[in-house]
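The structure under discussion appears below in the form of structure tokens.
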Amino acid sequence: MKKGNPFALIPIVVFLVLFIAVGIIDNSHGGMFGDSLPAIVGFVIALVVAFLQNPKGQKLSFEEKLNNMARGAGDENIMIMCLVFILAGAFSASVKAAGGVDSTVNFGLSIMPGSVAVVGVFVVGCFISTSMGTSVGTIVALAPIAIGISEKTGIAMPLCIGAAVCGAMFGDNLSMISDTTIAATRTQGCDMKDKFRENFKIALPAAILTAILLFLRTKGNDYVMEEALEYNFIRIVPYLVVLIGALAGLNVFMLLVGGTVLSLCIGIAYGDFTLIESFGIMGEGIMGMYDITVISIIVAGLVSLVRQNGGIDWLLYIIRRCIRGPKGAQIGIAALSSVVDCSTANNTVAIVIAGPIAKEIASDYDISPKRTASLLDIFTSVFQGLIPYGAQMLYASAATATAAVSVSSVEIVPFCYYPILLGICALVFIIFEKKKS
């Protein structure tokens, strides 16, 4: 077993320090840098630090290091992942412009009884986030409705907003077009449908328990929608096509292209936009994936240099000394992904960083790629839905700024039942699962 070189992990430490420092400065100046700039800047500087290092007992030329970085950044799985990011961005923007988001929200809320309005926010959030593949987008869509329910029923605002966050995090690690799913499956080399099935048997019990808890907390309250909730089922069809097609095992590239074309046809047919405008809509969606695509490429190159310098070997050496058997390996992967997510406050970036290490651990202990991808996605989502400085919580808190009662992200955390229950269900599943013969 190689002991590796602990000093090769200095670039990762540099990134974490810079990321936190730039994030603090950014927050103190009202978000002047944007959501992803701290991560991009941190990774670029960490990349420079990695270039200054060498493996123990060797001195590599700049060209050798550059070639190694390029091989890591241009890895087949990384390139496929980036292409899926781009197609997912085009689909999400197209279906939103065609009224798919509004119709989905209104349809879900219109069929839910008013007595279970908060539960309805959670259930609708589950469907929207699974369809859209974005937890933040789901929170943006549902937060105004959750605020209205709180103001008209007297139910605590943090509880109502928490229900929206819970629904958003359900699809964050289940959706076929979520960037976390794409990253987890590509870094582990498994099919999306297999990872979905592995995740679903853990996520479903957590979702059911969450719905029961929300029902018990809000029992006796009634809410009546004063305005008519208009929806058009045809506008929801692209979501259903992609979701059902992905579960059926159809090629994700063809599904995203087909879903985008279908959304654009619906939007044009209903006069939402013209054919010429549709190109701009797709372009905006693709540009929305620019940051995570660039970050993924830089991270892949950085990890390749850290691996070359012995950092990954040292980390694996330490982890293996603490692991006893396959169950311990799975808990180790869960702990690794959780710590990285808490450090980066971005579950997709956390998966891209932890993915190669998790794959090595899984290979040593004969853990299937679909299980490893599932663990990475689950535990990064668990903490992403709980850390008060994550994008999801910050957006949820910001949505209440104009409400009668504004709440901080810290106040919402205790009502995020789903991420907590998801983590518990996953640990129970690991500990008590019987080994297959």
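Letters for chains follow the order of the structure tokens (A, B, ...), residue numbers begin at 1 for each chain, and ligand numbers begin at 1 in the order shown.
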Residues near Pro414 (chain A), cut-off 9 Å, only C-alpha atoms, skip fewer than 6 positions along chain, as a PyMOL selection string: chain A and resi 158-159+162+386
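CA of Phe85 (chain A) sits 22.2 Å away from CA of Gly267 (chain A).
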Nearby residues (only C-alpha atoms) at most 12 Å from Ile431 (chain A), same-chain spacing under 3 positions excluded, as a tab-separated table (two decimals) with all heavy atoms, in the first residue's frame:
chain	number	residue	atom	x	y	z
A	325	GLY	N	-13.75	-3.34	6.21
A	325	GLY	CA	-14.76	-4.02	5.41
A	325	GLY	C	-15.57	-3.08	4.53
A	325	GLY	O	-15.44	-1.84	4.60
A	326	PRO	N	-16.45	-3.65	3.70
A	326	PRO	CA	-17.25	-2.87	2.74
A	326	PRO	C	-18.17	-1.84	3.40
A	326	PRO	O	-18.35	-0.75	2.87
A	326	PRO	CB	-18.08	-3.94	2.01
A	326	PRO	CG	-17.28	-5.20	2.16
A	326	PRO	CD	-16.63	-5.10	3.50
A	327	LYS	N	-18.76	-2.20	4.55
A	327	LYS	CA	-19.65	-1.23	5.22
A	327	LYS	C	-18.86	-0.02	5.69
A	327	LYS	O	-19.30	1.13	5.56
A	327	LYS	CB	-20.37	-1.89	6.40
A	327	LYS	CG	-21.40	-2.94	6.00
A	327	LYS	CD	-22.12	-3.47	7.21
A	327	LYS	CE	-23.05	-4.62	6.85
A	327	LYS	NZ	-24.16	-4.20	6.00
A	328	GLY	N	-17.69	-0.28	6.25
A	328	GLY	CA	-16.83	0.81	6.67
A	328	GLY	C	-16.39	1.67	5.49
A	328	GLY	O	-16.27	2.89	5.61
A	329	ALA	N	-16.16	1.01	4.34
A	329	ALA	CA	-15.77	1.75	3.14
A	329	ALA	C	-16.89	2.69	2.69
A	329	ALA	O	-16.65	3.83	2.29
A	329	ALA	CB	-15.41	0.78	2.02
A	330	GLN	N	-18.12	2.20	2.76
A	330	GLN	CA	-19.26	3.03	2.36
A	330	GLN	C	-19.44	4.21	3.31
A	330	GLN	O	-19.73	5.33	2.88
A	330	GLN	CB	-20.53	2.18	2.32
A	330	GLN	CG	-20.53	1.14	1.20
A	330	GLN	CD	-21.79	0.31	1.18
A	330	GLN	OE1	-22.88	0.83	0.99
A	330	GLN	NE2	-21.66	-1.00	1.39
A	331	ILE	N	-19.25	3.97	4.59
A	331	ILE	CA	-19.34	5.07	5.56
A	331	ILE	C	-18.20	6.05	5.33
A	331	ILE	O	-18.37	7.27	5.46
A	331	ILE	CB	-19.32	4.52	7.00
A	331	ILE	CG1	-20.61	3.72	7.27
A	331	ILE	CG2	-19.17	5.64	8.02
A	331	ILE	CD1	-20.65	3.02	8.61
A	424	ILE	N	-30.15	9.79	7.58
A	424	ILE	CA	-30.42	8.70	8.52
A	424	ILE	C	-30.77	7.42	7.77
A	424	ILE	O	-30.25	6.34	8.07
A	424	ILE	CB	-31.54	9.08	9.50
A	424	ILE	CG1	-31.10	10.23	10.41
A	424	ILE	CG2	-31.99	7.88	10.33
A	424	ILE	CD1	-32.20	10.81	11.27
A	425	CYS	N	-31.66	7.53	6.78
A	425	CYS	CA	-32.06	6.36	5.99
A	425	CYS	C	-30.88	5.74	5.27
A	425	CYS	O	-30.76	4.51	5.18
A	425	CYS	CB	-33.14	6.74	4.98
A	425	CYS	SG	-34.76	7.09	5.70
A	426	ALA	N	-29.99	6.58	4.75
A	426	ALA	CA	-28.82	6.07	4.04
A	426	ALA	C	-27.89	5.32	4.98
A	426	ALA	O	-27.37	4.25	4.63
A	426	ALA	CB	-28.08	7.23	3.37
A	427	LEU	N	-27.68	5.85	6.18
A	427	LEU	CA	-26.82	5.17	7.15
A	427	LEU	C	-27.43	3.85	7.60
A	427	LEU	O	-26.72	2.84	7.73
A	427	LEU	CB	-26.58	6.07	8.36
A	427	LEU	CG	-25.65	7.27	8.13
A	427	LEU	CD1	-25.61	8.16	9.37
A	427	LEU	CD2	-24.24	6.81	7.78
A	428	VAL	N	-28.75	3.85	7.84
A	428	VAL	CA	-29.44	2.61	8.21
A	428	VAL	C	-29.32	1.59	7.10
A	428	VAL	O	-29.08	0.39	7.34
A	428	VAL	CB	-30.93	2.90	8.52
A	428	VAL	CG1	-31.72	1.60	8.65
A	428	VAL	CG2	-31.05	3.72	9.79
A	434	LYS	N	-28.12	-6.60	4.12
A	434	LYS	CA	-27.49	-7.92	4.12
A	434	LYS	C	-26.64	-8.08	2.88
A	434	LYS	O	-27.00	-7.65	1.80
A	434	LYS	CB	-28.56	-9.02	4.14
A	434	LYS	CG	-29.36	-9.06	5.45
A	434	LYS	CD	-30.36	-10.20	5.43
A	434	LYS	CE	-31.14	-10.25	6.73
A	434	LYS	NZ	-32.15	-11.34	6.73
A	435	LYS	N	-25.50	-8.71	3.05
A	435	LYS	CA	-24.59	-8.93	1.94
A	435	LYS	C	-25.16	-9.98	1.01
A	435	LYS	O	-25.60	-11.05	1.43
A	435	LYS	CB	-23.23	-9.40	2.46
A	435	LYS	CG	-22.19	-9.52	1.35
A	435	LYS	CD	-20.83	-9.92	1.93
A	435	LYS	CE	-19.80	-10.05	0.81
A	435	LYS	NZ	-18.48	-10.45	1.35
Which of A:Phe383, A:Val116, A:Thr134, A:Phe279 sits closest to Leu216 (chain A) [using only C-alpha atoms]: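 Selected residue with least distance to Leu216 (chain A): A:Val116.
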Nearest to Ser304 (chain A), chosen from A:Ile244, A:Leu87, A:Val352, A:Ile276, with only C-alpha atoms counted in the distances: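 Comparing A:Ile244, A:Leu87, A:Val352, A:Ile276 against Ser304 (chain A), the winner is A:Val352.
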Residue neighbourhood Leu16 (chain A), 9 Å, only C-alpha atoms, exclusion window fewer than 3 positions, as a list in words: Pro11, Ile12, Val13, Phe19, Ile20, Ala21, Ala39, Gly42, Phe43, Ser343 and Thr344 of chain A
Would you write out those residues with all heavy atoms, as a CSV table (one decimal), in the first residue's frame?
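Printed below is again-v6.csv as written:
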chain,number,residue,atom,x,y,z
A,11,PRO,N,-2.4,22.0,-2.4
A,11,PRO,CA,-3.3,22.8,-3.3
A,11,PRO,C,-4.8,22.7,-2.9
A,11,PRO,O,-5.5,23.7,-3.1
A,11,PRO,CB,-3.1,22.1,-4.7
A,11,PRO,CG,-1.7,21.5,-4.6
A,11,PRO,CD,-1.6,21.1,-3.2
A,12,ILE,N,-5.2,21.6,-2.4
A,12,ILE,CA,-6.6,21.4,-2.0
A,12,ILE,C,-6.9,22.3,-0.8
A,12,ILE,O,-7.9,23.0,-0.7
A,12,ILE,CB,-7.0,20.0,-1.7
A,12,ILE,CG1,-6.7,19.1,-2.9
A,12,ILE,CG2,-8.4,19.8,-1.2
A,12,ILE,CD1,-7.5,19.3,-4.1
A,13,VAL,N,-5.9,22.3,0.2
A,13,VAL,CA,-6.0,23.2,1.3
A,13,VAL,C,-6.0,24.6,0.9
A,13,VAL,O,-6.8,25.4,1.5
A,13,VAL,CB,-4.9,22.9,2.3
A,13,VAL,CG1,-4.9,23.8,3.5
A,13,VAL,CG2,-4.9,21.4,2.8
A,19,PHE,N,-11.4,29.8,-0.9
A,19,PHE,CA,-12.8,29.7,-1.2
A,19,PHE,C,-13.6,30.3,-0.1
A,19,PHE,O,-14.5,31.1,-0.3
A,19,PHE,CB,-13.2,28.3,-1.4
A,19,PHE,CG,-14.7,28.1,-1.7
A,19,PHE,CD1,-15.3,28.3,-2.9
A,19,PHE,CD2,-15.6,27.8,-0.6
A,19,PHE,CE1,-16.6,28.1,-3.1
A,19,PHE,CE2,-16.9,27.6,-0.8
A,19,PHE,CZ,-17.5,27.8,-2.1
A,20,ILE,N,-13.2,29.9,1.2
A,20,ILE,CA,-13.9,30.5,2.3
A,20,ILE,C,-13.7,32.0,2.5
A,20,ILE,O,-14.6,32.8,2.8
A,20,ILE,CB,-13.5,29.7,3.6
A,20,ILE,CG1,-14.0,28.3,3.5
A,20,ILE,CG2,-14.1,30.4,4.9
A,20,ILE,CD1,-13.4,27.4,4.6
A,21,ALA,N,-12.4,32.4,2.3
A,21,ALA,CA,-12.0,33.8,2.5
A,21,ALA,C,-12.7,34.7,1.4
A,21,ALA,O,-13.3,35.7,1.8
A,21,ALA,CB,-10.5,34.0,2.3
A,39,ALA,N,-15.2,29.9,-6.2
A,39,ALA,CA,-14.7,28.5,-6.5
A,39,ALA,C,-13.8,28.5,-7.7
A,39,ALA,O,-12.7,27.9,-7.6
A,39,ALA,CB,-15.9,27.6,-6.8
A,42,GLY,N,-10.4,30.2,-6.6
A,42,GLY,CA,-9.7,29.3,-5.7
A,42,GLY,C,-9.1,28.1,-6.4
A,42,GLY,O,-7.9,27.7,-6.1
A,43,PHE,N,-9.8,27.5,-7.4
A,43,PHE,CA,-9.3,26.3,-8.1
A,43,PHE,C,-8.1,26.7,-9.0
A,43,PHE,O,-7.2,26.0,-9.2
A,43,PHE,CB,-10.4,25.6,-8.9
A,43,PHE,CG,-11.2,24.7,-8.1
A,43,PHE,CD1,-12.6,24.8,-8.0
A,43,PHE,CD2,-10.6,23.7,-7.4
A,43,PHE,CE1,-13.4,24.0,-7.3
A,43,PHE,CE2,-11.4,22.8,-6.6
A,43,PHE,CZ,-12.8,23.0,-6.6
A,343,SER,N,-17.1,21.9,3.1
A,343,SER,CA,-16.0,22.8,2.8
A,343,SER,C,-16.2,23.7,1.6
A,343,SER,O,-15.8,24.9,1.6
A,343,SER,CB,-14.7,22.0,2.6
A,343,SER,OG,-14.5,21.2,3.7
A,344,THR,N,-16.9,23.2,0.5
A,344,THR,CA,-17.1,23.9,-0.7
A,344,THR,C,-18.4,24.6,-0.9
A,344,THR,O,-18.6,25.5,-1.7
A,344,THR,CB,-16.9,23.0,-1.9
A,344,THR,OG1,-17.8,21.9,-1.9
A,344,THR,CG2,-15.5,22.3,-1.9
Residue among A:Phe233, A:Phe15, A:Phe379, A:Phe51 lying closest to Met69 (chain A), counting only C-alpha atoms: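 Answer, going by the shortest atom-to-atom distance: A:Phe51.
Proximity ranking of A:Ser381, A:Asn309, A:Asn347, A:Thr104 relative to Arg235 (chain A) places A:Thr104 first, based on only C-alpha atoms.
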Sel. of alpha helix (DSSP H) residues, region 209-312 of chain A, as JSON, numbers by chain: {"A": [209, 210, 211, 212, 213, 214, 215, 216, 217, 218, 233, 234, 235, 236, 237, 238, 239, 240, 241, 242, 243, 244, 245, 246, 247, 252, 253, 254, 255, 256, 257, 258, 259, 260, 261, 262, 263, 264, 265, 266, 267, 268, 269, 275, 276, 277, 278, 279, 280, 281, 282, 283, 284, 285, 286, 287, 288, 290, 291, 292, 293, 294, 295, 296, 297, 298, 299, 300, 301, 302, 303, 304, 305, 306, 307, 308, 311, 312]}
Go ahead and save the picked residues with C-alpha atoms, as a short mmCIF file (atom, residue, chain, number, x, y, z; two decimals), in the first residue's frame.
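The resulting file, result.cif, is reproduced below:
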data_model
loop_
_atom_site.label_atom_id
_atom_site.label_comp_id
_atom_site.auth_asym_id
_atom_site.auth_seq_id
_atom_site.Cartn_x
_atom_site.Cartn_y
_atom_site.Cartn_z
CA LEU A 209 -41.49 10.30 6.63
CA THR A 210 -41.01 13.97 5.72
CA ALA A 211 -44.57 14.22 4.36
CA ILE A 212 -45.92 12.61 7.56
CA LEU A 213 -43.93 15.02 9.76
CA LEU A 214 -45.11 18.05 7.79
CA PHE A 215 -48.71 16.83 7.99
CA LEU A 216 -48.52 16.37 11.76
CA ARG A 217 -46.88 19.79 12.24
CA THR A 218 -49.56 21.60 10.19
CA PHE A 233 -50.80 19.93 -19.22
CA ILE A 234 -49.19 20.03 -22.65
CA ARG A 235 -46.53 22.37 -21.27
CA ILE A 236 -45.63 19.71 -18.67
CA VAL A 237 -45.14 16.98 -21.28
CA PRO A 238 -41.41 17.69 -21.98
CA TYR A 239 -40.61 17.04 -18.31
CA LEU A 240 -42.53 13.77 -18.39
CA VAL A 241 -40.85 12.68 -21.63
CA VAL A 242 -37.35 13.20 -20.22
CA LEU A 243 -38.19 11.70 -16.82
CA ILE A 244 -39.95 8.59 -18.13
CA GLY A 245 -37.46 8.12 -20.97
CA ALA A 246 -34.51 8.26 -18.60
CA LEU A 247 -36.12 5.71 -16.28
CA VAL A 252 -29.63 10.77 -22.07
CA PHE A 253 -28.21 12.80 -24.95
CA MET A 254 -31.11 11.97 -27.23
CA LEU A 255 -33.61 12.60 -24.45
CA LEU A 256 -32.23 16.06 -23.65
CA VAL A 257 -32.07 17.04 -27.32
CA GLY A 258 -35.58 15.68 -27.89
CA GLY A 259 -36.93 17.37 -24.76
CA THR A 260 -35.40 20.69 -25.80
CA VAL A 261 -36.86 20.50 -29.32
CA LEU A 262 -40.28 19.51 -27.92
CA SER A 263 -40.23 22.41 -25.43
CA LEU A 264 -39.29 24.90 -28.14
CA CYS A 265 -42.05 23.61 -30.44
CA ILE A 266 -44.61 24.00 -27.66
CA GLY A 267 -43.38 27.50 -26.82
CA ILE A 268 -43.47 28.59 -30.45
CA ALA A 269 -46.90 27.00 -31.01
CA LEU A 275 -38.12 30.68 -33.70
CA ILE A 276 -35.35 33.27 -33.69
CA GLU A 277 -35.81 33.95 -29.97
CA SER A 278 -35.56 30.23 -29.23
CA PHE A 279 -31.86 30.28 -30.11
CA GLY A 280 -31.28 33.00 -27.52
CA ILE A 281 -33.20 30.99 -24.92
CA MET A 282 -31.06 27.91 -25.52
CA GLY A 283 -27.95 30.07 -25.42
CA GLU A 284 -28.88 31.52 -22.03
CA GLY A 285 -29.47 28.03 -20.66
CA ILE A 286 -26.13 26.80 -21.95
CA MET A 287 -24.33 29.85 -20.53
CA GLY A 288 -25.97 29.10 -17.18
CA TYR A 290 -20.69 27.69 -18.03
CA ASP A 291 -19.38 28.02 -14.47
CA ILE A 292 -19.87 24.40 -13.43
CA THR A 293 -18.42 23.18 -16.76
CA VAL A 294 -15.25 25.27 -16.34
CA ILE A 295 -14.96 24.25 -12.69
CA SER A 296 -15.28 20.55 -13.60
CA ILE A 297 -12.47 20.79 -16.17
CA ILE A 298 -10.16 22.70 -13.79
CA VAL A 299 -10.88 20.30 -10.91
CA ALA A 300 -10.15 17.27 -13.11
CA GLY A 301 -6.79 18.77 -14.08
CA LEU A 302 -6.00 19.69 -10.47
CA VAL A 303 -6.86 16.20 -9.17
CA SER A 304 -4.66 14.69 -11.87
CA LEU A 305 -1.66 16.75 -10.65
CA VAL A 306 -2.43 15.98 -6.99
CA ARG A 307 -2.59 12.28 -7.89
CA GLN A 308 0.72 12.48 -9.77
CA GLY A 311 -1.66 13.26 -2.63
CA ILE A 312 -4.43 10.82 -3.55
#
Which of A:Gly133, A:Gly385, A:Gly120, A:Gly189 sits closest to Ser175 (chain A) [using only C-alpha atoms]: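 Answer, going by the shortest atom-to-atom distance: A:Gly133.
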Shell around Asp172 (chain A) at 12 Å using only C-alpha atoms, local window under 5 positions removed, as a count of residues only: 42
Between CA of Ala334 (chain A) and CA of Gly423 (chain A) - distance in Å to one decimal: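 Separating CA of Gly423 (chain A) from CA of Ala334 (chain A) is a distance of 9.4 Å.
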